[in-house]
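Enquirer: What follows is a single structure, and I will ask about it in a moment.
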Amino acid sequence: MNDDVRNLVLGVLAAGISAAFGWLARTYLWKRKLRRKQAFFGLPANSESLLVVNREAGGPELTVMRHDVFALLELSALIKDCGAHAQVIAHDAAQQGFGERTEFCVGGPASNRRMAAHLHSLLPGIRVNTDAEPGPDRGAFQVGTERYRLESGKGEYAILARLTAGNTARPVFLFCGQRAITNQAASRYLARNHERLARKHGNNSFVLLLKIVNSQAYGPDVVELVADVTRAAQTPTPEATAARNSHRAS
């Protein structure tokens with residue numbers, strides 16, 4: 001074998017080894033990224049999850065708003081990426097406990113009983129005005145002592161939360177918006193930012209207040225993070241504390 005042939009063979013071998021190491025490195029990084037995503041969402045391969053859907057406020061029981069359907073599609077893609085499965089269930093048919101399966105709950109408390117239960121039990125510092133009568137505070141959020149009013153199509157708010165009851169429990173994700181389009185905006189925000197949120201919060205609980213800017217022009221795409229309101233959301237308001245004490249006394 002002359003020198004030219006030997007150099008050619010060595011070059012091919014070196015290129016093959018380099019390609020193999022590159023493939024192994026990419027595979028390792030992809031699997032590590034997938035494991036982190038699965039851990040954040042509580043969705044190991046072949047696991048089951050729940051998509052809890054609401055109904056259109058004031059409409060038939062099984063009527064789901066168009067933007068809520070889009071939110072479910074966003075979440076379904078995340079679940080599929082984790083190699084997990086989803087079961088879609090109506091808000092008033094979800095009677096399982098908290099933490100048994102990863103849950104994605106979509107819609108405000110006026111149209112989603114499951115969301116109302118989660119807010120009452122897990123986030124006592126958040127109150128949502130569900131009055132049917134028109135008024136300046138209709139649909140407003142109160143987080144602690146701060147109030148966030150709805151300006152339809154201009155400035156709207158949504159709560160995005162990841163809540164857990166322990167290291168072994170599966171998380172529940174809440175997408176509680178003032179309108180259906182804000183539910184979709186919250187789900188899209190999670191889809192786009194889950195890696196950053198996982199780095200910041202790990203597998204711990206968090207509650208974020210989001211502002212959807214000019215949805216009448218930009219749809220659900222322009223979303224601002226107003227604040228991390230985890231502490232305020234998990235701290236009972238004085239009114240809630242007084243109500244519970246009154247109930248216990250009676």
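Each chain in the structure tokens gets a letter, A, B, ..., in the order shown, and its residues are numbered from 1; ligands are numbered from 1 in order too.
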Report the residues of region 136-240 of chain A whose backbone DSSP state falls under helix (DSSP H, G or I), written as a PyMOL selection string.
Expert: chain A and resi 180-201+215-218+230-234+238-240
Enquirer: Could you pull out all residues of region 65-236 of chain A with a DSSP call of strand (DSSP E or B) and give them as a PyMOL selection string?
Expert: chain A and resi 85-90+102-106+126-128+141-143+146-148+151+155-163+172-177+206-213+223-228
Enquirer: I'd like the contact shell of Thr102 (chain A) - 6 Å cut-off, only C-alpha atoms, skipping same-chain residues fewer than 5 positions apart - returned as a compact mmCIF listing (two decimals) with N, CA and C atoms, in the first residue's frame.
Expert:
# COMPACT_ATOMS: atom_id res chain seq x y z
N SER A 49 -52.01 11.89 30.26
CA SER A 49 -52.28 13.24 30.78
C SER A 49 -53.71 13.63 30.46
N ARG A 170 -47.60 14.50 39.88
CA ARG A 170 -47.56 15.09 38.55
C ARG A 170 -48.09 16.52 38.63
N PRO A 171 -47.58 17.44 37.83
CA PRO A 171 -48.01 18.83 37.92
C PRO A 171 -49.36 19.06 37.25
N VAL A 172 -49.99 20.16 37.63
CA VAL A 172 -51.16 20.65 36.92
C VAL A 172 -50.79 22.03 36.38
Enquirer: With distances taken over only C-alpha atoms, which of A:Leu72, A:Gln178, A:Ile126, A:Arg114 is nearest to Glu146 (chain A)?
Expert: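 Smallest distance to Glu146 (chain A) is found for A:Ile126.
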Enquirer: For region 126-156 of chain A against region 205-225 of chain A, with a cut-off of 6 Å and counting only C-alpha atoms, what is the closest atom pair and its distance in Å to one decimal for every residue that makes the cut, ordered by chain and number, as a tab-separated table?
Expert:
residue	atom	partner	partner_atom	distance
A:Gly153	CA	A:Gln216	CA	4.7
A:Lys154	CA	A:Asn214	CA	4.1
A:Gly155	CA	A:Val213	CA	5.2
A:Glu156	CA	A:Ile212	CA	5.2
Enquirer: Which one of A:Val128, A:Cys105, A:Ala227, A:Leu50 sits closest to Ala86 (chain A) if you count only C-alpha atoms?
Expert: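 The shortest atom-to-atom distance to Ala86 (chain A) comes from A:Leu50.
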Enquirer: Could you name the residues that touch Ile79 (chain A) at 9 Å or less, counting only C-alpha atoms, but leaving out those on the same chain fewer than 4 positions away, as an MDAnalysis selection string?
Expert: chainID A and resid 38 41 43 49 75 83:86
Enquirer: Restricting it to C-alpha atoms, dump the selection as a JSON list (two decimals), in the first residue's frame.
Expert:
[["chain", "number", "residue", "atom", "x", "y", "z"],
["A", 38, "GLN", "CA", -40.46, 15.34, 30.19],
["A", 41, "PHE", "CA", -44.15, 18.62, 32.15],
["A", 43, "LEU", "CA", -44.71, 13.41, 31.10],
["A", 49, "SER", "CA", -52.28, 13.24, 30.78],
["A", 75, "LEU", "CA", -50.70, 21.65, 24.28],
["A", 83, "GLY", "CA", -43.91, 10.73, 23.85],
["A", 84, "ALA", "CA", -46.99, 10.86, 26.10],
["A", 85, "HIS", "CA", -50.72, 10.56, 25.51],
["A", 86, "ALA", "CA", -53.61, 12.94, 26.20]]
Enquirer: Taking 2 positions as the minimum chain separation for residues in the same chain, which residues sit within 10 Å of His118 (chain A) when counting only C-alpha atoms? Answer as an NGL selection string.
Expert: :A and (98 or 105 or 109 or 113-116 or 120-124 or 163 or 172 or 174)
Enquirer: Save out the residues we just selected, C-alpha atoms, as a PDB file, in the first residue's frame.
Expert:
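What follows is the written file out_35.pdb:
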ATOM      1  CA  PHE A  98     -54.632  16.324  42.134  1.00  0.00           C
ATOM      2  CA  CYS A 105     -56.675  22.971  32.586  1.00  0.00           C
ATOM      3  CA  PRO A 109     -63.578  29.891  36.478  1.00  0.00           C
ATOM      4  CA  ARG A 113     -65.572  24.344  37.203  1.00  0.00           C
ATOM      5  CA  ARG A 114     -62.283  22.479  37.486  1.00  0.00           C
ATOM      6  CA  MET A 115     -60.390  25.771  37.158  1.00  0.00           C
ATOM      7  CA  ALA A 116     -62.610  27.332  39.820  1.00  0.00           C
ATOM      8  CA  HIS A 120     -60.015  28.038  45.379  1.00  0.00           C
ATOM      9  CA  SER A 121     -57.860  25.203  46.713  1.00  0.00           C
ATOM     10  CA  LEU A 122     -54.395  25.966  45.350  1.00  0.00           C
ATOM     11  CA  LEU A 123     -54.300  29.713  44.631  1.00  0.00           C
ATOM     12  CA  PRO A 124     -56.410  31.406  47.321  1.00  0.00           C
ATOM     13  CA  LEU A 163     -48.448  23.603  40.474  1.00  0.00           C
ATOM     14  CA  VAL A 172     -51.162  20.654  36.924  1.00  0.00           C
ATOM     15  CA  LEU A 174     -53.440  26.299  34.569  1.00  0.00           C
TER      16      LEU A 174
END
Enquirer: Report the distance between CA of Ile89 (chain A) and CA of Asn203 (chain A) in Å, rounded to one decimal place.
Expert: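 CA of Asn203 (chain A) lies 25.2 Å from CA of Ile89 (chain A).
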Enquirer: How far is it from CA of Pro136 (chain A) to CA of Arg149 (chain A), in Å with one decimal?
Expert: 7.4 Å
Enquirer: I'd like the neighbourhood of Phe70 (chain A) as a list in words, where a residue qualifies if any of its atoms comes within 12 Å (using only C-alpha atoms), though same-chain residues fewer than 6 positions away should be ignored.
Expert: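 Result of the neighbour search: Val53, Val64, Ser76, Ala77, Val106, Ala180, Ile181, Thr182, Asn183, Gln184, Ala185, Ala186, Ser187, Arg188, Gly219 and Pro220 of chain A.
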Enquirer: Could you save those same residues with N, CA, C and O atoms as a PDB file, in the first residue's frame?
Expert:
ATOM      1  N   VAL A  53     -61.136  20.740  29.269  1.00  0.00           N
ATOM      2  CA  VAL A  53     -61.655  21.832  28.443  1.00  0.00           C
ATOM      3  C   VAL A  53     -62.835  22.482  29.131  1.00  0.00           C
ATOM      4  O   VAL A  53     -63.579  21.853  29.885  1.00  0.00           O
ATOM      5  N   VAL A  64     -67.086  24.647  22.776  1.00  0.00           N
ATOM      6  CA  VAL A  64     -65.738  25.101  23.113  1.00  0.00           C
ATOM      7  C   VAL A  64     -65.358  26.225  22.166  1.00  0.00           C
ATOM      8  O   VAL A  64     -65.527  26.109  20.949  1.00  0.00           O
ATOM      9  N   SER A  76     -51.392  19.784  22.888  1.00  0.00           N
ATOM     10  CA  SER A  76     -51.294  18.424  22.352  1.00  0.00           C
ATOM     11  C   SER A  76     -49.948  18.192  21.691  1.00  0.00           C
ATOM     12  O   SER A  76     -49.374  17.095  21.781  1.00  0.00           O
ATOM     13  N   ALA A  77     -49.434  19.217  20.999  1.00  0.00           N
ATOM     14  CA  ALA A  77     -48.127  19.087  20.355  1.00  0.00           C
ATOM     15  C   ALA A  77     -47.022  18.902  21.394  1.00  0.00           C
ATOM     16  O   ALA A  77     -46.102  18.080  21.200  1.00  0.00           O
ATOM     17  N   VAL A 106     -57.760  24.435  30.982  1.00  0.00           N
ATOM     18  CA  VAL A 106     -57.885  25.618  30.130  1.00  0.00           C
ATOM     19  C   VAL A 106     -59.216  26.318  30.388  1.00  0.00           C
ATOM     20  O   VAL A 106     -60.272  25.686  30.344  1.00  0.00           O
ATOM     21  N   ALA A 180     -61.081  33.906  25.774  1.00  0.00           N
ATOM     22  CA  ALA A 180     -60.576  32.670  25.182  1.00  0.00           C
ATOM     23  C   ALA A 180     -59.234  32.897  24.485  1.00  0.00           C
ATOM     24  O   ALA A 180     -58.337  32.048  24.547  1.00  0.00           O
ATOM     25  N   ILE A 181     -59.070  34.040  23.837  1.00  0.00           N
ATOM     26  CA  ILE A 181     -57.820  34.287  23.117  1.00  0.00           C
ATOM     27  C   ILE A 181     -56.643  34.392  24.081  1.00  0.00           C
ATOM     28  O   ILE A 181     -55.505  34.064  23.729  1.00  0.00           O
ATOM     29  N   THR A 182     -56.904  34.803  25.319  1.00  0.00           N
ATOM     30  CA  THR A 182     -55.820  34.887  26.295  1.00  0.00           C
ATOM     31  C   THR A 182     -55.441  33.506  26.828  1.00  0.00           C
ATOM     32  O   THR A 182     -54.305  33.297  27.248  1.00  0.00           O
ATOM     33  N   ASN A 183     -56.397  32.571  26.828  1.00  0.00           N
ATOM     34  CA  ASN A 183     -56.045  31.183  27.148  1.00  0.00           C
ATOM     35  C   ASN A 183     -55.059  30.632  26.122  1.00  0.00           C
ATOM     36  O   ASN A 183     -54.072  29.977  26.465  1.00  0.00           O
ATOM     37  N   GLN A 184     -55.335  30.910  24.851  1.00  0.00           N
ATOM     38  CA  GLN A 184     -54.428  30.477  23.791  1.00  0.00           C
ATOM     39  C   GLN A 184     -53.080  31.164  23.917  1.00  0.00           C
ATOM     40  O   GLN A 184     -52.028  30.545  23.724  1.00  0.00           O
ATOM     41  N   ALA A 185     -53.085  32.445  24.252  1.00  0.00           N
ATOM     42  CA  ALA A 185     -51.829  33.181  24.411  1.00  0.00           C
ATOM     43  C   ALA A 185     -50.978  32.567  25.523  1.00  0.00           C
ATOM     44  O   ALA A 185     -49.749  32.448  25.387  1.00  0.00           O
ATOM     45  N   ALA A 186     -51.615  32.165  26.616  1.00  0.00           N
ATOM     46  CA  ALA A 186     -50.869  31.556  27.722  1.00  0.00           C
ATOM     47  C   ALA A 186     -50.280  30.209  27.316  1.00  0.00           C
ATOM     48  O   ALA A 186     -49.133  29.892  27.654  1.00  0.00           O
ATOM     49  N   SER A 187     -51.044  29.407  26.576  1.00  0.00           N
ATOM     50  CA  SER A 187     -50.528  28.109  26.128  1.00  0.00           C
ATOM     51  C   SER A 187     -49.381  28.299  25.136  1.00  0.00           C
ATOM     52  O   SER A 187     -48.396  27.558  25.164  1.00  0.00           O
ATOM     53  N   ARG A 188     -49.494  29.293  24.275  1.00  0.00           N
ATOM     54  CA  ARG A 188     -48.423  29.562  23.314  1.00  0.00           C
ATOM     55  C   ARG A 188     -47.176  30.074  24.019  1.00  0.00           C
ATOM     56  O   ARG A 188     -46.044  29.731  23.647  1.00  0.00           O
ATOM     57  N   GLY A 219     -53.506  39.209  17.714  1.00  0.00           N
ATOM     58  CA  GLY A 219     -53.945  37.897  18.150  1.00  0.00           C
ATOM     59  C   GLY A 219     -53.262  37.499  19.452  1.00  0.00           C
ATOM     60  O   GLY A 219     -53.022  38.342  20.319  1.00  0.00           O
ATOM     61  N   PRO A 220     -52.911  36.219  19.616  1.00  0.00           N
ATOM     62  CA  PRO A 220     -52.318  35.743  20.871  1.00  0.00           C
ATOM     63  C   PRO A 220     -50.790  35.805  20.896  1.00  0.00           C
ATOM     64  O   PRO A 220     -50.166  35.217  21.780  1.00  0.00           O
TER      65      PRO A 220
END
